[in-house]
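File shown: entry_30.cif (mmCIF, C-alpha atoms and all ligand atoms).
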data_structure
#
loop_
_atom_site.label_atom_id
_atom_site.label_comp_id
_atom_site.auth_asym_id
_atom_site.auth_seq_id
_atom_site.Cartn_x
_atom_site.Cartn_y
_atom_site.Cartn_z
CA MET A 577 -85.16 44.58 -53.43
CA ARG A 578 -81.42 45.05 -54.08
CA THR A 579 -78.66 42.59 -53.29
CA VAL A 580 -75.03 43.46 -52.60
CA SER A 581 -72.57 40.59 -52.55
CA VAL A 582 -69.70 40.49 -50.07
CA GLU A 583 -66.83 38.85 -51.96
CA LEU A 584 -64.22 37.49 -49.57
CA PRO A 585 -61.27 35.34 -50.66
CA THR A 586 -62.78 32.19 -49.13
CA HIS A 587 -66.45 33.01 -48.84
CA ARG A 588 -69.12 35.12 -50.51
CA TYR A 589 -72.53 36.00 -49.17
CA PRO A 590 -75.49 38.19 -50.05
CA ILE A 591 -76.91 41.23 -48.30
CA HIS A 592 -80.57 41.61 -49.30
CA ILE A 593 -81.85 45.16 -48.91
CA GLY A 594 -85.39 46.46 -49.27
CA LEU A 595 -89.00 46.46 -48.11
CA ALA A 596 -90.16 42.94 -47.18
CA ALA A 597 -86.64 41.53 -47.55
CA LEU A 598 -87.36 39.34 -44.49
CA ALA A 599 -89.28 37.01 -46.84
CA ALA A 600 -85.85 35.73 -47.98
CA LEU A 601 -85.23 34.20 -44.52
CA PRO A 602 -86.51 30.59 -45.02
CA LYS A 603 -84.36 30.09 -48.13
CA MET A 604 -81.27 31.41 -46.36
CA LEU A 605 -81.63 29.13 -43.34
CA GLY A 606 -80.56 26.09 -45.34
CA ASP A 607 -80.65 22.62 -43.87
CA SER A 608 -80.37 23.37 -40.13
CA SER A 609 -81.13 21.00 -37.24
CA SER A 610 -82.42 23.94 -35.18
CA ILE A 611 -82.64 27.71 -35.32
CA ALA A 612 -81.60 29.96 -32.43
CA ILE A 613 -83.04 33.45 -32.85
CA ILE A 614 -81.16 35.94 -30.68
CA VAL A 615 -83.36 39.00 -30.74
CA ASP A 616 -83.41 42.52 -29.36
CA ASP A 617 -86.30 42.94 -26.88
CA ALA A 618 -87.37 46.09 -28.74
CA VAL A 619 -88.26 44.11 -31.88
CA LEU A 620 -89.22 40.77 -30.30
CA SER A 621 -92.97 41.08 -30.88
CA SER A 622 -92.61 42.53 -34.36
CA VAL A 623 -89.56 41.21 -36.22
CA GLY A 624 -88.67 38.37 -33.81
CA GLU A 625 -92.07 36.67 -33.96
CA ALA A 626 -92.31 37.17 -37.75
CA ALA A 627 -88.86 35.63 -38.23
CA ALA A 628 -89.75 32.70 -35.96
CA ALA A 629 -92.91 32.02 -38.01
CA LEU A 630 -90.86 32.06 -41.24
CA ALA A 631 -88.19 29.82 -39.68
CA ARG A 632 -90.84 27.24 -38.65
CA GLN A 633 -91.61 26.78 -42.35
CA VAL A 634 -88.24 25.04 -42.76
CA CYS A 635 -87.35 23.72 -39.29
CA SER A 636 -89.40 22.29 -36.42
CA LYS A 637 -86.99 23.39 -33.67
CA VAL A 638 -86.97 27.18 -33.40
CA ALA A 639 -86.04 28.96 -30.14
CA LEU A 640 -86.13 32.66 -29.32
CA PHE A 641 -83.49 34.22 -27.02
CA PRO A 642 -84.52 37.82 -26.25
CA LEU A 643 -81.85 40.28 -25.09
CA ARG A 644 -81.99 43.80 -23.69
CA SER A 645 -79.74 46.07 -25.69
CA SER A 646 -77.19 48.25 -23.88
CA GLU A 647 -73.41 48.64 -23.99
CA ASP A 648 -73.29 47.26 -20.43
CA ALA A 649 -75.27 44.21 -21.49
CA LYS A 650 -72.90 43.70 -24.44
CA SER A 651 -70.78 41.55 -22.19
CA ILE A 652 -69.26 38.12 -21.79
CA SER A 653 -71.87 37.31 -19.14
CA THR A 654 -74.75 38.05 -21.55
CA ALA A 655 -73.12 35.91 -24.23
CA GLU A 656 -72.53 33.19 -21.64
CA GLY A 657 -76.21 33.26 -20.67
CA VAL A 658 -77.26 32.65 -24.28
CA LEU A 659 -74.59 29.97 -24.79
CA ARG A 660 -75.77 28.15 -21.65
CA ALA A 661 -79.44 28.41 -22.65
CA MET A 662 -78.58 27.01 -26.10
CA ALA A 663 -76.65 24.11 -24.57
CA ASP A 664 -79.47 23.46 -22.06
CA THR A 665 -82.01 23.25 -24.86
CA GLY A 666 -79.92 20.90 -27.00
CA HIS A 667 -78.78 22.99 -29.99
CA ASP A 668 -76.05 21.14 -31.89
CA ARG A 669 -73.43 22.03 -34.51
CA ARG A 670 -76.01 22.17 -37.29
CA CYS A 671 -77.93 24.91 -35.53
CA CYS A 672 -78.19 28.21 -37.42
CA VAL A 673 -78.12 31.41 -35.35
CA VAL A 674 -80.22 34.36 -36.48
CA ALA A 675 -79.23 37.65 -34.82
CA ILE A 676 -82.02 40.23 -35.01
CA GLY A 677 -81.54 43.75 -33.69
CA GLY A 678 -79.20 46.69 -33.69
CA GLY A 679 -75.41 46.53 -33.62
CA ILE A 680 -75.37 45.42 -30.00
CA VAL A 681 -77.46 42.29 -30.48
CA GLY A 682 -75.75 41.68 -33.84
CA ASP A 683 -72.31 41.77 -32.20
CA ILE A 684 -73.40 39.49 -29.32
CA GLY A 685 -75.30 37.12 -31.62
CA GLY A 686 -72.31 36.86 -33.94
CA PHE A 687 -70.01 36.21 -31.00
CA VAL A 688 -72.32 33.43 -29.77
CA ALA A 689 -72.35 31.96 -33.31
CA ALA A 690 -68.54 32.19 -33.53
CA THR A 691 -67.95 30.41 -30.22
CA TYR A 692 -70.78 27.88 -29.65
CA MET A 693 -69.33 24.44 -30.41
CA ARG A 694 -66.43 26.24 -32.16
CA GLY A 695 -68.63 28.02 -34.63
CA LEU A 696 -72.12 27.89 -36.16
CA ALA A 697 -73.63 29.25 -39.35
CA TRP A 698 -75.47 32.51 -38.74
CA LEU A 699 -77.61 35.14 -40.40
CA GLN A 700 -77.82 38.79 -39.50
CA VAL A 701 -81.08 40.71 -39.55
CA PRO A 702 -80.17 44.31 -38.63
CA THR A 703 -83.04 46.48 -37.39
CA THR A 704 -81.30 49.84 -36.88
CA LEU A 705 -79.89 52.05 -39.63
CA LEU A 706 -76.43 51.86 -38.03
CA ALA A 707 -76.52 48.07 -38.05
CA MET A 708 -77.77 47.98 -41.66
CA VAL A 709 -75.12 50.30 -43.09
CA ASP A 710 -72.23 49.25 -40.89
CA ALA A 711 -72.36 46.71 -38.04
CA SER A 712 -73.93 43.89 -40.07
CA VAL A 713 -71.33 44.09 -42.85
CA GLY A 714 -67.92 42.49 -42.49
CA GLY A 715 -68.13 39.79 -39.83
CA LYS A 716 -66.76 41.64 -36.79
CA THR A 717 -68.42 40.15 -33.71
CA GLY A 718 -67.72 40.70 -30.04
CA VAL A 719 -68.48 42.08 -26.61
CA ASN A 720 -67.17 44.84 -24.32
CA LEU A 721 -64.96 44.34 -21.27
CA ARG A 722 -65.46 46.25 -18.01
CA MET A 723 -61.94 47.07 -16.79
CA GLU A 724 -60.76 47.02 -13.16
CA ASN A 725 -60.80 50.86 -13.09
CA GLY A 726 -64.45 50.89 -14.15
CA THR A 727 -64.00 52.03 -17.75
CA LEU A 728 -65.58 50.09 -20.57
CA ALA A 729 -63.18 48.65 -23.15
CA LYS A 730 -65.32 48.52 -26.27
CA ASN A 731 -65.34 45.35 -28.38
CA MET A 732 -62.28 44.08 -26.53
CA VAL A 733 -63.23 40.40 -26.88
CA GLY A 734 -64.46 38.96 -30.15
CA ALA A 735 -63.86 37.19 -33.43
CA PHE A 736 -64.09 37.71 -37.15
CA TRP A 737 -66.95 35.40 -38.08
CA GLN A 738 -68.72 35.98 -41.37
CA PRO A 739 -72.45 35.33 -41.61
CA ARG A 740 -74.13 33.18 -44.26
CA GLY A 741 -76.09 36.23 -45.30
CA VAL A 742 -77.69 39.49 -44.16
CA ILE A 743 -81.27 40.71 -44.49
CA ALA A 744 -81.69 44.49 -44.24
CA ASP A 745 -85.44 45.02 -44.38
CA VAL A 746 -85.88 48.80 -44.37
CA SER A 747 -89.51 48.50 -43.17
CA PHE A 748 -88.04 47.78 -39.69
CA LEU A 749 -86.73 51.34 -39.57
CA SER A 750 -90.27 52.78 -39.33
CA THR A 751 -90.27 52.15 -35.56
CA LEU A 752 -86.72 53.37 -34.96
CA PRO A 753 -86.49 56.64 -32.95
CA SER A 754 -85.13 59.56 -34.98
CA ARG A 755 -82.10 59.84 -32.66
CA GLN A 756 -81.13 56.32 -33.76
CA ILE A 757 -81.64 57.15 -37.46
CA SER A 758 -79.24 60.05 -36.93
CA CYS A 759 -76.70 57.68 -35.36
CA GLY A 760 -76.74 55.50 -38.48
CA LEU A 761 -76.20 58.59 -40.59
CA ALA A 762 -72.93 59.31 -38.77
CA GLU A 763 -71.53 56.07 -40.21
CA CYS A 764 -72.90 57.00 -43.65
CA VAL A 765 -71.09 60.35 -43.52
CA LYS A 766 -67.96 58.45 -42.45
CA HIS A 767 -68.26 56.20 -45.51
CA SER A 768 -68.62 59.23 -47.76
CA MET A 769 -65.50 60.79 -46.19
CA ILE A 770 -63.31 57.75 -46.84
CA ALA A 771 -64.63 56.46 -50.15
CA ASP A 772 -67.26 58.49 -52.00
CA ALA A 773 -67.60 62.27 -51.82
CA SER A 774 -70.72 62.13 -54.04
CA LEU A 775 -72.49 60.18 -51.27
CA MET A 776 -72.05 63.13 -48.91
CA GLN A 777 -73.74 65.39 -51.47
CA TRP A 778 -76.56 62.86 -51.94
CA ILE A 779 -77.12 62.58 -48.16
CA SER A 780 -77.24 66.34 -47.88
CA GLU A 781 -79.79 66.60 -50.73
CA ASN A 782 -81.97 63.78 -49.37
CA SER A 783 -81.65 64.44 -45.64
CA ARG A 784 -85.36 65.28 -45.18
CA SER A 785 -86.56 62.06 -46.81
CA ILE A 786 -84.01 60.04 -44.89
CA LEU A 787 -85.03 61.55 -41.55
CA ALA A 788 -88.68 60.94 -42.47
CA ALA A 789 -87.76 57.25 -43.02
CA ASP A 790 -88.89 57.21 -46.69
CA PRO A 791 -88.38 53.50 -47.54
CA ASP A 792 -87.31 54.05 -51.17
CA ILE A 793 -84.65 56.55 -50.16
CA LEU A 794 -83.55 54.36 -47.24
CA GLU A 795 -83.11 51.42 -49.61
CA VAL A 796 -80.74 53.49 -51.78
CA LEU A 797 -78.92 54.82 -48.71
CA VAL A 798 -78.39 51.36 -47.23
CA ALA A 799 -77.34 49.83 -50.58
CA ARG A 800 -74.78 52.58 -51.31
CA ASN A 801 -73.25 52.29 -47.86
CA VAL A 802 -73.22 48.51 -47.79
CA ALA A 803 -71.47 48.51 -51.18
CA ILE A 804 -68.74 50.82 -49.84
CA LYS A 805 -68.18 48.76 -46.71
CA ALA A 806 -68.36 45.42 -48.58
CA ALA A 807 -65.68 46.59 -51.04
CA ILE A 808 -63.33 47.62 -48.22
CA VAL A 809 -63.91 44.40 -46.27
CA ALA A 810 -63.32 42.32 -49.42
CA GLN A 811 -59.84 43.82 -49.72
CA ASP A 812 -58.88 43.34 -46.09
CA GLU A 813 -61.15 40.99 -44.16
CA THR A 814 -59.23 40.93 -40.87
CA GLU A 815 -58.10 44.57 -40.75
CA GLN A 816 -54.43 44.19 -41.56
CA GLY A 817 -54.43 47.36 -43.66
CA SER A 818 -57.06 49.31 -45.59
CA ARG A 819 -60.06 48.15 -43.48
CA ALA A 820 -58.68 50.39 -40.73
CA LEU A 821 -59.98 53.35 -42.78
CA LEU A 822 -63.45 52.42 -41.49
CA ASN A 823 -62.22 53.55 -38.06
CA LEU A 824 -62.30 57.20 -39.15
CA GLY A 825 -63.72 59.13 -36.18
CA HIS A 826 -63.74 56.01 -34.02
CA THR A 827 -60.50 56.43 -32.06
CA PHE A 828 -61.78 59.82 -30.87
CA GLY A 829 -65.32 58.38 -30.68
CA HIS A 830 -64.44 55.40 -28.51
CA ALA A 831 -62.66 57.70 -26.04
CA ILE A 832 -65.82 59.85 -25.89
CA GLU A 833 -67.97 56.76 -25.37
CA SER A 834 -65.76 55.46 -22.59
CA VAL A 835 -66.07 58.77 -20.70
CA TRP A 836 -69.78 59.45 -21.39
CA SER A 837 -71.12 55.93 -21.96
CA ALA A 838 -74.47 56.72 -20.34
CA GLU A 839 -75.14 59.90 -22.31
CA VAL A 840 -73.65 59.56 -25.76
CA LEU A 841 -74.73 56.94 -28.27
CA HIS A 842 -72.14 55.26 -30.51
CA GLY A 843 -73.16 57.14 -33.66
CA GLU A 844 -73.15 60.45 -31.76
CA ALA A 845 -69.63 59.77 -30.49
CA VAL A 846 -68.58 58.95 -34.06
CA SER A 847 -70.10 62.23 -35.28
CA ILE A 848 -68.04 64.24 -32.77
CA GLY A 849 -65.07 62.01 -33.65
CA LEU A 850 -65.40 62.84 -37.36
CA VAL A 851 -65.09 66.55 -36.57
CA ALA A 852 -62.14 65.89 -34.23
CA ALA A 853 -60.38 63.74 -36.86
CA SER A 854 -60.93 66.41 -39.50
CA ALA A 855 -59.51 69.09 -37.20
CA ALA A 856 -56.52 66.83 -36.49
CA ALA A 857 -56.07 66.47 -40.26
CA VAL A 858 -56.08 70.26 -40.62
CA SER A 859 -53.47 70.52 -37.87
CA ALA A 860 -51.37 67.87 -39.65
CA GLY A 861 -51.54 69.86 -42.89
CA LEU A 862 -53.59 67.21 -44.68
CA ARG A 863 -56.73 69.33 -45.13
CA GLU A 864 -57.70 72.98 -45.40
CA ALA A 865 -59.46 74.52 -42.39
CA GLU A 866 -62.41 75.31 -44.72
CA CYS A 867 -63.48 71.63 -44.64
CA LEU A 868 -64.65 71.91 -41.03
CA ASP A 869 -67.71 74.18 -41.25
CA PRO A 870 -69.51 72.25 -44.04
CA LEU A 871 -68.91 68.99 -42.15
CA ARG A 872 -70.30 70.43 -38.91
CA SER A 873 -73.33 71.86 -40.75
CA LEU A 874 -74.10 68.56 -42.45
CA LEU A 875 -73.81 66.53 -39.25
CA GLU A 876 -75.95 69.02 -37.32
CA SER A 877 -78.59 69.02 -40.09
CA LEU A 878 -78.76 65.24 -39.61
CA GLY A 879 -79.50 65.67 -35.89
CA LEU A 880 -75.98 64.81 -34.76
CA PRO A 881 -73.77 66.51 -32.14
CA THR A 882 -70.45 68.02 -33.19
CA ARG A 883 -69.22 69.01 -29.72
CA LEU A 884 -68.56 67.17 -26.48
CA PRO A 885 -71.46 67.15 -23.99
CA ARG A 886 -69.36 69.12 -21.47
CA THR A 887 -65.96 70.72 -21.22
CA ILE A 888 -63.29 68.28 -20.16
CA ARG A 889 -59.50 68.27 -20.26
CA ALA A 890 -58.09 66.87 -23.48
CA ARG A 891 -55.65 64.81 -21.44
CA VAL A 892 -58.49 62.78 -19.90
CA LEU A 893 -59.80 61.95 -23.36
CA SER A 894 -56.35 61.15 -24.74
CA ASN A 895 -55.83 58.77 -21.83
CA ALA A 896 -59.13 57.11 -22.68
CA MET A 897 -57.82 56.67 -26.23
CA GLY A 898 -55.22 54.36 -24.69
CA LEU A 899 -57.94 51.77 -24.18
CA ASP A 900 -58.70 51.73 -27.88
CA LYS A 901 -57.34 48.74 -29.77
CA LYS A 902 -56.03 51.10 -32.47
CA ARG A 903 -53.29 52.15 -30.03
CA ARG A 904 -50.16 50.10 -30.61
CA GLY A 905 -46.83 50.09 -28.79
CA GLY A 906 -47.47 53.31 -26.86
CA SER A 907 -48.43 55.38 -29.91
CA ILE A 908 -51.86 56.16 -31.30
CA THR A 909 -52.88 55.30 -34.84
CA LEU A 910 -55.43 57.67 -36.31
CA ILE A 911 -57.40 57.68 -39.53
CA LEU A 912 -57.30 61.18 -40.97
CA PRO A 913 -59.19 62.55 -43.98
CA ASP A 914 -56.74 63.86 -46.60
CA GLY A 915 -59.14 64.89 -49.36
CA ASP A 916 -62.82 64.75 -50.38
CA GLY A 917 -63.84 61.09 -50.19
CA HIS A 918 -60.37 60.03 -49.16
CA ALA A 919 -58.55 59.21 -45.90
CA ARG A 920 -55.28 57.69 -44.76
CA VAL A 921 -53.91 55.70 -41.84
CA VAL A 922 -51.47 57.74 -39.73
CA THR A 923 -49.43 55.63 -37.33
CA GLN A 924 -47.75 57.35 -34.38
CA ALA A 925 -50.10 60.31 -34.54
CA ASP A 926 -48.61 63.53 -33.18
CA PHE A 927 -50.18 64.66 -29.87
CA LYS A 928 -50.26 68.23 -31.20
CA ASN A 929 -52.70 67.07 -33.87
CA ILE A 930 -54.71 64.94 -31.44
CA ASN A 931 -55.04 67.95 -29.13
CA ALA A 932 -56.16 70.10 -32.08
CA GLY A 933 -58.88 67.51 -32.68
CA TRP A 934 -60.01 67.60 -29.06
CA ALA A 935 -59.93 71.42 -28.97
CA ALA A 936 -62.16 71.60 -32.07
CA VAL A 937 -64.91 69.70 -30.27
CA GLY A 938 -64.69 71.69 -27.04
CA ALA A 939 -62.02 70.08 -24.85
CA GLU A 940 -59.57 72.18 -22.82
CA VAL A 941 -55.98 71.68 -23.92
CA ASP A 942 -53.32 72.51 -21.33
N1 LIG A 1001 -69.56 44.71 -35.80
C1 LIG A 1001 -69.30 45.85 -36.38
O1 LIG A 1001 -68.63 45.91 -37.44
C2 LIG A 1001 -69.82 47.11 -35.79
C3 LIG A 1001 -69.78 48.30 -36.52
C4 LIG A 1001 -70.34 49.45 -35.98
C5 LIG A 1001 -70.91 49.41 -34.71
N2 LIG A 1001 -70.91 48.25 -34.02
C6 LIG A 1001 -71.52 48.18 -32.68
O2 LIG A 1001 -72.91 48.43 -32.81
C7 LIG A 1001 -73.41 48.94 -31.58
C8 LIG A 1001 -74.34 50.08 -31.87
O3 LIG A 1001 -75.39 49.59 -32.66
P1 LIG A 1001 -76.78 50.36 -32.76
O4 LIG A 1001 -76.53 51.80 -32.97
O5 LIG A 1001 -77.61 49.62 -33.72
O6 LIG A 1001 -77.34 50.29 -31.27
P2 LIG A 1001 -78.30 49.28 -30.51
O7 LIG A 1001 -78.08 47.89 -30.91
O8 LIG A 1001 -78.18 49.62 -29.07
O9 LIG A 1001 -79.75 49.72 -30.99
C9 LIG A 1001 -80.18 51.03 -30.68
C10 LIG A 1001 -81.53 51.04 -29.92
O10 LIG A 1001 -82.56 50.80 -30.86
C11 LIG A 1001 -83.41 49.74 -30.39
N3 LIG A 1001 -83.93 49.14 -31.61
C12 LIG A 1001 -83.32 48.27 -32.45
N4 LIG A 1001 -84.05 48.11 -33.56
C13 LIG A 1001 -85.17 48.84 -33.39
C14 LIG A 1001 -86.31 49.08 -34.22
N5 LIG A 1001 -86.42 48.59 -35.45
N6 LIG A 1001 -87.28 49.90 -33.73
C15 LIG A 1001 -87.15 50.47 -32.50
N7 LIG A 1001 -86.09 50.31 -31.71
C16 LIG A 1001 -85.11 49.50 -32.16
C17 LIG A 1001 -82.51 48.91 -29.50
O11 LIG A 1001 -83.23 48.17 -28.56
C18 LIG A 1001 -81.66 49.99 -28.85
O12 LIG A 1001 -82.36 50.54 -27.77
C19 LIG A 1001 -72.20 49.33 -30.75
O13 LIG A 1001 -72.03 48.40 -29.71
C20 LIG A 1001 -71.04 49.24 -31.74
O14 LIG A 1001 -69.83 48.88 -31.10
C21 LIG A 1001 -70.40 47.11 -34.53
#
Would you mind writing the file out in structure tokens?
Ligand SMILES: NC(=O)c1ccc[n+]([C@@H]2O[C@H](COP(=O)([O-])OP(=O)(O)OC[C@H]3O[C@@H](n4cnc5c(N)ncnc54)[C@H](O)[C@@H]3O)[C@@H](O)[C@H]2O)c1
Amino acid sequence: MRTVSVELPTHRYPIHIGLAALAALPKMLGDSSSIAIIVDDAVLSSVGEAAAALARQVCSKVALFPLRSSEDAKSISTAEGVLRAMADTGHDRRCCVVAIGGGIVGDIGGFVAATYMRGLAWLQVPTTLLAMVDASVGGKTGVNLRMENGTLAKNMVGAFWQPRGVIADVSFLSTLPSRQISCGLAECVKHSMIADASLMQWISENSRSILAADPDILEVLVARNVAIKAAIVAQDETEQGSRALLNLGHTFGHAIESVWSAEVLHGEAVSIGLVAASAAAVSAGLREAECLDPLRSLLESLGLPTRLPRTIRARVLSNAMGLDKKRRGGSITLILPDGDGHARVVTQADFKNINAGWAAVGAEVD
């Protein structure tokens, strides 16, 4: 097992990574009056029950709150349902929340922990690759908001609320569908593009073992990615500056998700967004056009899309970007790669470059 420490100015916590890492749970629960396990339905009978049995070793009051995972269910009303059930069953301020599941249940569970009685201790137990390498690191919690016009504003309501610790047990990934493994890899490629070009090479060389869910390789993959994200978060916990680099591909990606929420998974939208951001960087003169083909080939070899599901006008997608929180004061802020393993924040991005990004992934620019 490996441990990466997240070193924040006021708080540090461990991320345990490896096979059988779940065994660390009882020690991490501390002296809690009760334990509220908010768990993804998909892993209730496997991870949820195992975690509950471990929790009962240290606390007599352990309750399971199963949730169905979908972007629509990542809502205030789902969070409210859990909050009400916790209040009904008498959980107090010394309760510890354990959020078990992918990024959706992690984000909801963290939001519940951040808001119940003005904040509870919580642990994250990610069970998807995306949640292990990204969503469980850094304390962003929250839910989506369905707007009056029907579009989904992603992560519009939430809080920064750091967990007491994270357990990334790679054995959980053995049941994860390959499409979901690929989604996690989109975030890994993103990390390599902003912070570590050698990681991209390593992913390319080990792609077969990763896609076959080899636990030893997955442990290295998760640890390398967690270390990158933890270092960025440590410098800028609440995203006032450099943490925004982690949004590479996401401003394009969130627009894609808001248009095709039923068809495109988050990691797939990020994959298309990484290509769009790279093409925008080429248009802005930050990168050579030659960077695009190797990126597309790598993403496609990892089972990820690099084009929009259907042709659509770029204007529709640019309008959808307006819902993204990275848009400030009428202009769009983009993260653009400007070298191997390096990216920069570009405020007031030029629409010519945004359109070049959309065109590169198959949108019609008029
Ligand atoms: N908080 C953050 O910093 C952060 C960062 C990145 C993404 N996110 C959020 O994460 C969400 C996406 O997370 P995700 O990709 O993990 O999706 P997800 O939570 O929907 O999980 C994907 C699917 O896998 C299932 N599943 C989970 N674990 C499983 C397992 N071990 N075996 C079999 N099936 C399993 C789930 O039920 C779901 O159907 C998005 O809502 C995104 O906004 C948050």
Legend entry - Proximity to Gly734 in chain A - best of A:Ser774, A:Asn823, A:Ser651, A:Ser754, all atoms listed in the file: A:Ser651
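For the residues A:Leu721, A:Ile770, A:Ala697, A:Ala628, ranking by smallest atom-to-atom distance to Pro913 in chain A using only C-alpha atoms places A:Ile770 first.
Near Ala852 in chain A, within 7 Å and counting only C-alpha atoms, sit Phe828, Gly933, Trp934, Ala936 and Val937 of chain A, not including residues fewer than 6 positions from it in the same chain.
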List every residue of chain A that has an atom at most 6 Å from any atom of ligand LIG 1001 (chain A), and for each one report the closest atom pair and its distance in Å to one decimal, counting all atoms listed in the file, with rows sorted by chain and then by increasing residue number, as CSV.
residue,atom,partner,partner_atom,distance
A:Asp616,CA,A:LIG1001,O11,5.7
A:Ala618,CA,A:LIG1001,O11,4.6
A:Val619,CA,A:LIG1001,C14,5.8
A:Ser645,CA,A:LIG1001,O11,5.0
A:Ser646,CA,A:LIG1001,O8,5.5
A:Glu647,CA,A:LIG1001,O13,5.9
A:Gly677,CA,A:LIG1001,C12,5.0
A:Gly678,CA,A:LIG1001,O7,3.2
A:Gly679,CA,A:LIG1001,O3,3.2
A:Ile680,CA,A:LIG1001,O7,3.8
A:Val681,CA,A:LIG1001,O7,5.7
A:Asp683,CA,A:LIG1001,N1,5.4
A:Thr703,CA,A:LIG1001,N4,4.3
A:Thr704,CA,A:LIG1001,N4,4.6
A:Leu706,CA,A:LIG1001,O5,5.0
A:Ala707,CA,A:LIG1001,O5,4.7
A:Asp710,CA,A:LIG1001,C3,5.1
A:Ala711,CA,A:LIG1001,C3,3.4
A:Lys716,CA,A:LIG1001,N1,4.3
A:Thr717,CA,A:LIG1001,N1,5.1
A:Phe748,CA,A:LIG1001,N5,4.6
A:Leu749,CA,A:LIG1001,N5,5.0
A:Thr751,CA,A:LIG1001,N6,4.2
A:Leu752,CA,A:LIG1001,N6,3.7
A:His842,CA,A:LIG1001,C8,5.8
Inset, instruction - Find, counting all atoms listed in the file, the residue in A:Ser859, A:Thr727, A:Ser873, A:Ser780 that gets nearest to Ala838 in chain A. - result: A:Thr727
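Among the candidate residues A:Ala807, A:Val615, A:Leu871, A:Val742, the one lying nearest to Pro590 in chain A is A:Val742, with distances computed using only C-alpha atoms.
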Legend entry - Residue with smallest distance to Val798 in chain A - pool A:Gly714, A:Gly843, A:Gly849, A:Gly594, counting all atoms listed in the file: A:Gly594
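Restricting the calculation to only C-alpha atoms, the smallest distance between Pro585 in chain A and any of A:Glu813, A:Glu940, A:Asp607, A:Asp772 is found for A:Glu813.
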Hey, could you make a per-residue contact list for range 849-935 of chain A against range 755-758 of chain A with 8 Å as the cut-off, showing the nearest pair of atoms and its distance in Å to one decimal, counting all atoms listed in the file, sorted by chain and number, as a tab-separated table?
residue	atom	partner	partner_atom	distance
A:Leu878	CA	A:Ser758	CA	5.9
A:Gly879	CA	A:Ser758	CA	5.7
A:Leu880	CA	A:Ser758	CA	6.2
Inset, instruction - Write out as a ChimeraX atom specification the residues lying within 9 Å of Val688 in chain A, counting all atoms listed in the file and excluding same-chain residues fewer than 5 positions away. - result: /A:655-656,658-659,673,683,695-696,717-718
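The gap separating CA of Glu795 in chain A from CA of Val746 in chain A is 6.5 Å, in Å to one decimal.
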Legend entry - Residues within 9 Å of Val674 in chain A, all atoms listed in the file, excluding chain neighbours under 5 positions, as number ranges by chain: A: 605, 611-615, 627, 682, 685-686, 689, 697-701
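Interatomic distance, CA of Leu601 in chain A against CA of Ala631 in chain A: 7.2 Å.
The space separating CA of Ile808 in chain A from CA of Cys867 in chain A comes to 24.3 Å.
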Inset, instruction - For Asp617 in chain A, list every protein, DNA or RNA residue within 6 Å, evaluated using all atoms listed in the file, and leave out those in the same chain fewer than 3 positions away; present the list as number ranges by chain. - result: A: 620, 642-644
From the coordinates supplied, range 690-706 of chain A should be written with C-alpha atoms, as a PDB file, in the first residue's frame.
ATOM      1  CA  ALA A 690     -20.214  19.863   4.766  1.00  0.00           C
ATOM      2  CA  THR A 691     -23.758  20.983   5.564  1.00  0.00           C
ATOM      3  CA  TYR A 692     -25.243  18.626   8.197  1.00  0.00           C
ATOM      4  CA  MET A 693     -25.161  20.508  11.509  1.00  0.00           C
ATOM      5  CA  ARG A 694     -22.707  22.959   9.861  1.00  0.00           C
ATOM      6  CA  GLY A 695     -20.153  20.312   9.055  1.00  0.00           C
ATOM      7  CA  LEU A 696     -19.120  16.772  10.008  1.00  0.00           C
ATOM      8  CA  ALA A 697     -15.895  14.817   9.694  1.00  0.00           C
ATOM      9  CA  TRP A 698     -15.916  12.569   6.647  1.00  0.00           C
ATOM     10  CA  LEU A 699     -13.940   9.922   4.810  1.00  0.00           C
ATOM     11  CA  GLN A 700     -13.961   9.238   1.107  1.00  0.00           C
ATOM     12  CA  VAL A 701     -13.831   5.734  -0.312  1.00  0.00           C
ATOM     13  CA  PRO A 702     -13.755   6.165  -4.106  1.00  0.00           C
ATOM     14  CA  THR A 703     -14.766   3.114  -6.146  1.00  0.00           C
ATOM     15  CA  THR A 704     -14.253   4.365  -9.717  1.00  0.00           C
ATOM     16  CA  LEU A 705     -10.914   5.196 -11.320  1.00  0.00           C
ATOM     17  CA  LEU A 706     -12.097   8.758 -11.973  1.00  0.00           C
TER      18      LEU A 706
END
